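Here's my_file_32.json, which has JSON, C-alpha atoms:
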[["chain", "number", "residue", "atom", "x", "y", "z"],
["A", 758, "MET", "CA", 24.92, 60.47, 4.17],
["A", 759, "ARG", "CA", 27.66, 57.94, 3.58],
["A", 760, "TYR", "CA", 30.68, 60.26, 3.87],
["A", 761, "ARG", "CA", 31.80, 62.74, 6.52],
["A", 762, "VAL", "CA", 33.81, 65.96, 6.46],
["A", 763, "GLY", "CA", 37.53, 65.30, 6.06],
["A", 764, "GLN", "CA", 37.09, 61.86, 4.51],
["A", 765, "ARG", "CA", 39.11, 61.04, 1.39],
["A", 766, "VAL", "CA", 36.95, 60.15, -1.60],
["A", 767, "ARG", "CA", 37.49, 59.42, -5.27],
["A", 768, "VAL", "CA", 35.12, 60.47, -8.05],
["A", 769, "ALA", "CA", 33.95, 57.52, -10.14],
["A", 770, "ALA", "CA", 35.62, 57.44, -13.56],
["A", 771, "ARG", "CA", 32.63, 55.84, -15.28],
["A", 772, "PRO", "CA", 31.21, 57.34, -18.44],
["A", 773, "HIS", "CA", 27.56, 58.40, -18.33],
["A", 774, "GLU", "CA", 25.18, 58.73, -21.23],
["A", 775, "GLY", "CA", 22.93, 61.74, -20.84],
["A", 776, "HIS", "CA", 22.75, 64.74, -18.58],
["A", 777, "HIS", "CA", 24.79, 64.71, -15.39],
["A", 778, "ARG", "CA", 26.55, 67.30, -13.27],
["A", 779, "THR", "CA", 29.87, 65.58, -12.56],
["A", 780, "PRO", "CA", 32.61, 67.42, -14.49],
["A", 781, "GLY", "CA", 34.85, 65.16, -16.55],
["A", 782, "TYR", "CA", 37.96, 66.82, -15.18],
["A", 783, "VAL", "CA", 37.39, 65.41, -11.68],
["A", 784, "LYS", "CA", 36.37, 61.92, -12.73],
["A", 785, "GLY", "CA", 38.90, 59.46, -11.35],
["A", 786, "LYS", "CA", 40.43, 62.19, -9.14],
["A", 787, "SER", "CA", 40.76, 62.00, -5.37],
["A", 788, "GLY", "CA", 39.88, 64.74, -2.94],
["A", 789, "SER", "CA", 38.37, 65.24, 0.48],
["A", 790, "VAL", "CA", 34.89, 66.03, 1.68],
["A", 791, "GLU", "CA", 34.82, 69.69, 2.69],
["A", 792, "ARG", "CA", 31.13, 70.00, 3.47],
["A", 793, "VAL", "CA", 28.12, 67.74, 3.57],
["A", 794, "HIS", "CA", 25.41, 69.75, 1.84],
["A", 795, "ALA", "CA", 22.00, 68.05, 1.91],
["A", 796, "PRO", "CA", 20.00, 65.70, -0.29],
["A", 797, "PHE", "CA", 18.87, 67.31, -3.55],
["A", 798, "THR", "CA", 16.67, 66.15, -6.41],
["A", 799, "ASN", "CA", 18.63, 64.10, -8.93],
["A", 800, "PRO", "CA", 19.40, 66.15, -12.07],
["A", 801, "GLU", "CA", 20.15, 62.95, -14.02],
["A", 802, "THR", "CA", 16.47, 61.98, -13.97],
["A", 803, "ARG", "CA", 14.94, 65.43, -13.47],
["A", 804, "ALA", "CA", 16.48, 66.53, -16.77],
["A", 805, "TYR", "CA", 14.15, 64.05, -18.51],
["A", 806, "GLY", "CA", 10.87, 65.15, -16.95],
["A", 807, "SER", "CA", 10.95, 63.07, -13.76],
["A", 808, "ASP", "CA", 10.53, 64.64, -10.31],
["A", 809, "GLY", "CA", 14.17, 63.74, -9.50],
["A", 810, "LEU", "CA", 13.18, 61.70, -6.44],
["A", 811, "PRO", "CA", 14.57, 60.12, -4.38],
["A", 812, "LYS", "CA", 16.84, 63.00, -3.43],
["A", 813, "GLN", "CA", 20.55, 62.24, -3.52],
["A", 814, "PRO", "CA", 23.10, 63.45, -0.94],
["A", 815, "LEU", "CA", 25.35, 66.20, -2.28],
["A", 816, "TYR", "CA", 28.86, 66.99, -1.04],
["A", 817, "LEU", "CA", 31.37, 69.77, -1.53],
["A", 818, "VAL", "CA", 34.60, 67.99, -2.47],
["A", 819, "GLY", "CA", 37.97, 69.77, -2.46],
["A", 820, "PHE", "CA", 40.83, 68.72, -4.74],
["A", 821, "ALA", "CA", 44.43, 69.88, -5.00],
["A", 822, "GLN", "CA", 44.66, 71.85, -8.26],
["A", 823, "ARG", "CA", 47.78, 69.91, -9.17],
["A", 824, "ASP", "CA", 45.94, 66.60, -8.82],
["A", 825, "VAL", "CA", 43.27, 67.83, -11.25],
["A", 826, "TRP", "CA", 45.54, 69.85, -13.56],
["A", 827, "PRO", "CA", 49.05, 68.34, -13.54],
["A", 828, "ASP", "CA", 50.33, 71.28, -15.61],
["A", 829, "SER", "CA", 48.85, 73.86, -13.23],
["A", 830, "ARG", "CA", 51.09, 76.93, -12.94],
["A", 831, "GLY", "CA", 49.33, 78.24, -9.83],
["A", 832, "HIS", "CA", 50.43, 78.07, -6.20],
["A", 833, "ALA", "CA", 51.19, 74.63, -4.77],
["A", 834, "GLY", "CA", 48.38, 74.94, -2.23],
["A", 835, "ASP", "CA", 45.67, 76.00, -4.70],
["A", 836, "ARG", "CA", 42.50, 73.93, -4.49],
["A", 837, "ILE", "CA", 39.40, 73.47, -6.59],
["A", 838, "TYR", "CA", 35.99, 72.78, -5.06],
["A", 839, "VAL", "CA", 33.22, 70.89, -6.83],
["A", 840, "ASP", "CA", 29.73, 69.79, -5.74],
["A", 841, "VAL", "CA", 29.44, 66.04, -6.32],
["A", 842, "PHE", "CA", 26.50, 63.71, -5.67],
["A", 843, "GLU", "CA", 27.05, 60.71, -3.41],
["A", 844, "HIS", "CA", 26.44, 58.17, -6.17],
["A", 845, "TRP", "CA", 29.49, 59.54, -7.98],
["A", 846, "LEU", "CA", 31.81, 59.08, -4.97],
["A", 847, "GLU", "CA", 33.84, 56.09, -3.80],
["A", 848, "ALA", "CA", 35.63, 55.72, -0.45],
["A", 849, "GLU", "CA", 39.43, 55.74, -0.64],
["B", 544, "MET", "CA", 27.94, 70.06, -26.18],
["B", 545, "HIS", "CA", 28.44, 68.48, -22.79],
["B", 546, "ASP", "CA", 31.05, 68.96, -20.09],
["B", 547, "ARG", "CA", 32.60, 72.04, -21.68],
["B", 548, "GLY", "CA", 34.42, 73.05, -18.49],
["B", 549, "GLY", "CA", 38.10, 72.40, -18.19],
["B", 550, "TRP", "CA", 39.01, 72.46, -21.86],
["B", 551, "PRO", "CA", 42.49, 73.94, -22.32],
["B", 552, "THR", "CA", 42.72, 77.43, -23.76],
["B", 553, "GLU", "CA", 45.15, 80.30, -23.89],
["B", 554, "ALA", "CA", 42.42, 82.78, -24.78],
["B", 555, "PRO", "CA", 42.05, 85.63, -22.28],
["B", 556, "ILE", "CA", 38.92, 85.72, -20.12],
["B", 557, "ASP", "CA", 36.57, 88.57, -20.97],
["B", 558, "ARG", "CA", 35.82, 90.16, -17.60],
["B", 559, "SER", "CA", 34.00, 93.22, -18.95],
["B", 560, "GLU", "CA", 30.54, 93.97, -17.56],
["B", 561, "HIS", "CA", 27.66, 93.39, -19.93],
["B", 562, "GLU", "CA", 24.47, 95.44, -19.91],
["B", 563, "LEU", "CA", 21.57, 93.03, -20.39],
["B", 564, "ALA", "CA", 19.30, 93.70, -23.37],
["B", 565, "ASP", "CA", 15.52, 93.60, -22.96],
["B", 566, "TRP", "CA", 15.24, 90.23, -24.73],
["B", 567, "GLU", "CA", 17.76, 88.78, -22.29],
["B", 568, "LEU", "CA", 15.78, 89.98, -19.27],
["B", 569, "LEU", "CA", 12.60, 88.60, -20.88],
["B", 570, "THR", "CA", 14.32, 85.26, -21.50],
["B", 571, "ASP", "CA", 15.32, 85.05, -17.85],
["B", 572, "ALA", "CA", 11.77, 85.91, -16.79],
["B", 573, "LEU", "CA", 10.32, 83.37, -19.23],
["B", 574, "VAL", "CA", 12.46, 80.55, -17.85],
["B", 575, "GLY", "CA", 11.53, 81.60, -14.31],
["B", 576, "ALA", "CA", 7.83, 81.52, -15.19],
["B", 577, "LEU", "CA", 8.11, 78.12, -16.93],
["B", 578, "GLY", "CA", 9.82, 76.75, -13.83],
["B", 579, "GLY", "CA", 7.30, 78.35, -11.48],
["B", 580, "GLN", "CA", 4.42, 76.82, -13.43],
["B", 581, "GLY", "CA", 6.07, 73.39, -13.47],
["B", 582, "VAL", "CA", 6.33, 73.36, -17.27],
["B", 583, "MET", "CA", 10.10, 73.04, -17.50],
["B", 584, "ASN", "CA", 12.85, 72.79, -14.87],
["B", 585, "VAL", "CA", 16.47, 73.91, -14.73],
["B", 586, "ASP", "CA", 17.85, 70.42, -15.34],
["B", 587, "GLU", "CA", 15.83, 70.22, -18.55],
["B", 588, "LEU", "CA", 17.13, 73.69, -19.44],
["B", 589, "ARG", "CA", 20.70, 72.44, -19.03],
["B", 590, "ARG", "CA", 20.02, 69.26, -21.02],
["B", 591, "GLY", "CA", 18.53, 71.34, -23.83],
["B", 592, "ILE", "CA", 21.65, 73.52, -23.92],
["B", 593, "GLU", "CA", 23.85, 70.42, -24.00],
["B", 594, "SER", "CA", 21.90, 69.16, -27.00],
["B", 595, "MET", "CA", 23.13, 72.08, -29.13],
["B", 596, "PRO", "CA", 25.48, 71.24, -31.99],
["B", 597, "PRO", "CA", 28.99, 72.21, -30.77],
["B", 598, "GLU", "CA", 29.59, 74.91, -33.38],
["B", 599, "GLU", "CA", 26.20, 76.51, -32.63],
["B", 600, "TYR", "CA", 26.92, 76.35, -28.91],
["B", 601, "GLU", "CA", 30.25, 78.12, -29.33],
["B", 602, "ARG", "CA", 28.69, 80.85, -31.47],
["B", 603, "ALA", "CA", 25.70, 81.49, -29.20],
["B", 604, "SER", "CA", 25.60, 83.92, -26.31],
["B", 605, "TYR", "CA", 24.48, 82.89, -22.83],
["B", 606, "TYR", "CA", 20.79, 83.70, -23.25],
["B", 607, "GLU", "CA", 20.72, 82.57, -26.86],
["B", 608, "ARG", "CA", 21.57, 79.13, -25.43],
["B", 609, "TRP", "CA", 18.67, 79.45, -23.00],
["B", 610, "LEU", "CA", 16.28, 80.29, -25.85],
["B", 611, "TYR", "CA", 17.54, 77.37, -27.92],
["B", 612, "SER", "CA", 16.87, 75.08, -24.96],
["B", 613, "VAL", "CA", 13.41, 76.51, -24.21],
["B", 614, "GLU", "CA", 12.34, 75.95, -27.82],
["B", 615, "THR", "CA", 13.85, 72.43, -27.83],
["B", 616, "ILE", "CA", 12.29, 71.32, -24.54],
["B", 617, "LEU", "CA", 8.88, 72.92, -25.15],
["B", 618, "THR", "CA", 8.73, 71.32, -28.61],
["B", 619, "GLU", "CA", 9.68, 67.97, -27.06],
["B", 620, "LYS", "CA", 6.84, 68.37, -24.55],
["B", 621, "GLY", "CA", 4.35, 69.35, -27.23],
["B", 622, "VAL", "CA", 3.81, 72.82, -25.77],
["B", 623, "LEU", "CA", 5.11, 74.19, -29.07],
["B", 624, "ALA", "CA", 4.55, 72.53, -32.42],
["B", 625, "ALA", "CA", 7.68, 71.89, -34.49],
["B", 626, "GLY", "CA", 8.45, 75.02, -36.48],
["B", 627, "GLU", "CA", 5.73, 77.01, -34.70],
["B", 628, "LEU", "CA", 8.03, 79.81, -33.59],
["B", 629, "ASP", "CA", 9.62, 80.15, -37.02],
["B", 630, "ALA", "CA", 6.18, 80.29, -38.62],
["B", 631, "ARG", "CA", 4.98, 82.99, -36.22],
["B", 632, "LEU", "CA", 8.14, 84.96, -36.81],
["B", 633, "GLY", "CA", 7.59, 84.77, -40.54],
["B", 634, "GLY", "CA", 10.70, 82.62, -40.92]]
Representation of the structure as structure tokens:
Amino acid sequence: MRYRVGQRVRVAARPHEGHHRTPGYVKGKSGSVERVHAPFTNPETRAYGSDGLPKQPLYLVGFAQRDVWPDSRGHAGDRIYVDVFEHWLEAE
Amino acid sequence: MHDRGGWPTEAPIDRSEHELADWELLTDALVGALGGQGVMNVDELRRGIESMPPEEYERASYYERWLYSVETILTEKGVLAAGELDARLGG
């Protein structure tokens, strides 16, 4: 597990052909690691009939709503939490 | 239809409860059985849903999307022959 709780990370902005579970609205956005889940099978290969191995570390990443949605009309402290695989994260 | 989340909308969110129809319960059970038997997994289910033409995706209900994906993936794997379901349904 490359990242630890509290660490600032940025979601890779790269495009990806095919199935993946990284929402476009957090690509290129910065947040912090809220929880280190565990390694899980990789949906990017498992969606095409593979066993999804090797497992990839998964993190819960928290973002300020206003960083993700600049026009957000919610409270200033509102946050959005997204599960992101390690290979989609970059250290800040 | 991929990465549908986060698209802007002003449409209200329908929060009403929905009683599941028998075919919806059967669809859920079918997908569970296919997963349990190792025939088709949830990531393939999601990929199949994402392969829907956007206008069909928008029109379809939740479990209609599941059925579309099951037919797509099982046909891809050769479990179903192309057009087999339509033929059996007299379509």
Exercise answer, chain A residues close to chain B, 7 Å and all atoms listed in the file, as a ChimeraX atom specification: /A:776,780-782,800,803-805
Within-7 Å shell of (10.3, 78.4, -29.9) in input frame, all atoms listed in the file, as an NGL selection string: :B and (613-614 or 623 or 627-628)
Output C-alpha atoms for every residue in the selection just made, as an mmCIF file, in the frame of the given file.
data_model
loop_
_atom_site.group_PDB
_atom_site.id
_atom_site.type_symbol
_atom_site.label_atom_id
_atom_site.label_comp_id
_atom_site.auth_asym_id
_atom_site.auth_seq_id
_atom_site.Cartn_x
_atom_site.Cartn_y
_atom_site.Cartn_z
ATOM 1 C CA VAL B 613 13.410 76.510 -24.210
ATOM 2 C CA GLU B 614 12.340 75.950 -27.820
ATOM 3 C CA LEU B 623 5.110 74.190 -29.070
ATOM 4 C CA GLU B 627 5.730 77.010 -34.700
ATOM 5 C CA LEU B 628 8.030 79.810 -33.590
#
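For the atom pair formed by CA of Val818 (chain A) and CA of Val793 (chain A), the distance is 8.9 Å, given to one decimal.
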Straight-line distance linking CA of Val766 (chain A) with CA of Glu847 (chain A), stated in Å to one decimal: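 Value for the CA of Val766 (chain A)-CA of Glu847 (chain A) distance: 5.6 Å.
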Neighbour list for Met758 (chain A) as a list in words, cut-off 10 Å, all atoms listed in the file, skip fewer than 3 positions in-chain: Arg761, Val793, His794, Ala795, Pro796, Gln813, Pro814, Leu815, Tyr816 and Glu843 of chain A
Go ahead and write the residues just picked, C-alpha atoms, as a compact mmCIF listing (two decimals), keeping the file's coordinate frame.
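Output below, filename out-v2.txt:
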# COMPACT_ATOMS: atom_id res chain seq x y z
CA ARG A 761 31.80 62.74 6.52
CA VAL A 793 28.12 67.74 3.57
CA HIS A 794 25.41 69.75 1.84
CA ALA A 795 22.00 68.05 1.91
CA PRO A 796 20.00 65.70 -0.29
CA GLN A 813 20.55 62.24 -3.52
CA PRO A 814 23.10 63.45 -0.94
CA LEU A 815 25.35 66.20 -2.28
CA TYR A 816 28.86 66.99 -1.04
CA GLU A 843 27.05 60.71 -3.41
Spatial neighbours of Ala769 (chain A), max dist 8 Å, all atoms listed in the file, sep filter under 5 positions, as a list in words: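 Neighbouring residues, sequence-local ones excluded: Lys784, Gly785, Trp845, Leu846 and Glu847 of chain A.
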Quick one: everything within 12 Å of Ala572 (chain B), counting all atoms listed in the file, minus sequence neighbours fewer than 6 positions away in the same chain. Send it as a compact mmCIF listing (two decimals) with C-alpha atoms, keeping the file's coordinate frame.
# COMPACT_ATOMS: atom_id res chain seq x y z
CA ASP B 565 15.52 93.60 -22.96
CA TRP B 566 15.24 90.23 -24.73
CA GLY B 578 9.82 76.75 -13.83
CA GLY B 579 7.30 78.35 -11.48
CA TYR B 606 20.79 83.70 -23.25
CA TRP B 609 18.67 79.45 -23.00
CA LEU B 610 16.28 80.29 -25.85
Val762 (chain A) environment, 9 Å, all atoms listed in the file, sequence neighbours closer than 3 positions dropped, as a ChimeraX atom specification: /A:765,789-793
Would you mind exporting C-alpha atoms of the selected residues as an mmCIF file, keeping the file's coordinate frame?
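Final file, result-v7.cif:
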data_model
loop_
_atom_site.group_PDB
_atom_site.id
_atom_site.type_symbol
_atom_site.label_atom_id
_atom_site.label_comp_id
_atom_site.auth_asym_id
_atom_site.auth_seq_id
_atom_site.Cartn_x
_atom_site.Cartn_y
_atom_site.Cartn_z
ATOM 1 C CA ARG A 765 39.110 61.040 1.390
ATOM 2 C CA SER A 789 38.370 65.240 0.480
ATOM 3 C CA VAL A 790 34.890 66.030 1.680
ATOM 4 C CA GLU A 791 34.820 69.690 2.690
ATOM 5 C CA ARG A 792 31.130 70.000 3.470
ATOM 6 C CA VAL A 793 28.120 67.740 3.570
#
Length of the CA of Val622 (chain B) to CA of Tyr605 (chain B) vector [Å]: 23.2 Å
Can I get region 804-817 of chain A with N, CA and C atoms filled in, as a compact mmCIF listing (two decimals), in the coordinates of the input?
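Written file, part.txt:
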# COMPACT_ATOMS: atom_id res chain seq x y z
N ALA A 804 16.25 65.93 -15.46
CA ALA A 804 16.48 66.53 -16.77
C ALA A 804 15.63 65.88 -17.86
N TYR A 805 14.98 64.76 -17.52
CA TYR A 805 14.15 64.05 -18.51
C TYR A 805 12.69 64.02 -18.08
N GLY A 806 12.29 65.01 -17.27
CA GLY A 806 10.87 65.15 -16.95
C GLY A 806 10.43 64.45 -15.68
N SER A 807 11.33 63.71 -15.01
CA SER A 807 10.95 63.07 -13.76
C SER A 807 10.99 64.11 -12.63
N ASP A 808 10.48 63.71 -11.45
CA ASP A 808 10.53 64.64 -10.31
C ASP A 808 11.90 64.63 -9.63
N GLY A 809 12.81 63.76 -10.07
CA GLY A 809 14.17 63.74 -9.50
C GLY A 809 14.26 63.07 -8.15
N LEU A 810 13.16 62.41 -7.73
CA LEU A 810 13.18 61.70 -6.44
C LEU A 810 13.60 60.25 -6.66
N PRO A 811 14.23 59.58 -5.70
CA PRO A 811 14.57 60.12 -4.38
C PRO A 811 15.73 61.11 -4.45
N LYS A 812 15.74 62.04 -3.49
CA LYS A 812 16.84 63.00 -3.43
C LYS A 812 18.15 62.28 -3.16
N GLN A 813 19.22 62.84 -3.68
CA GLN A 813 20.55 62.24 -3.52
C GLN A 813 21.44 63.17 -2.70
N PRO A 814 22.20 62.60 -1.75
CA PRO A 814 23.10 63.45 -0.94
C PRO A 814 24.14 64.14 -1.82
N LEU A 815 24.38 65.41 -1.51
CA LEU A 815 25.35 66.20 -2.28
C LEU A 815 26.47 66.67 -1.35
N TYR A 816 27.69 66.61 -1.84
CA TYR A 816 28.86 66.99 -1.04
C TYR A 816 29.67 68.06 -1.77
N LEU A 817 30.34 68.90 -0.97
CA LEU A 817 31.37 69.77 -1.53
C LEU A 817 32.70 69.02 -1.37
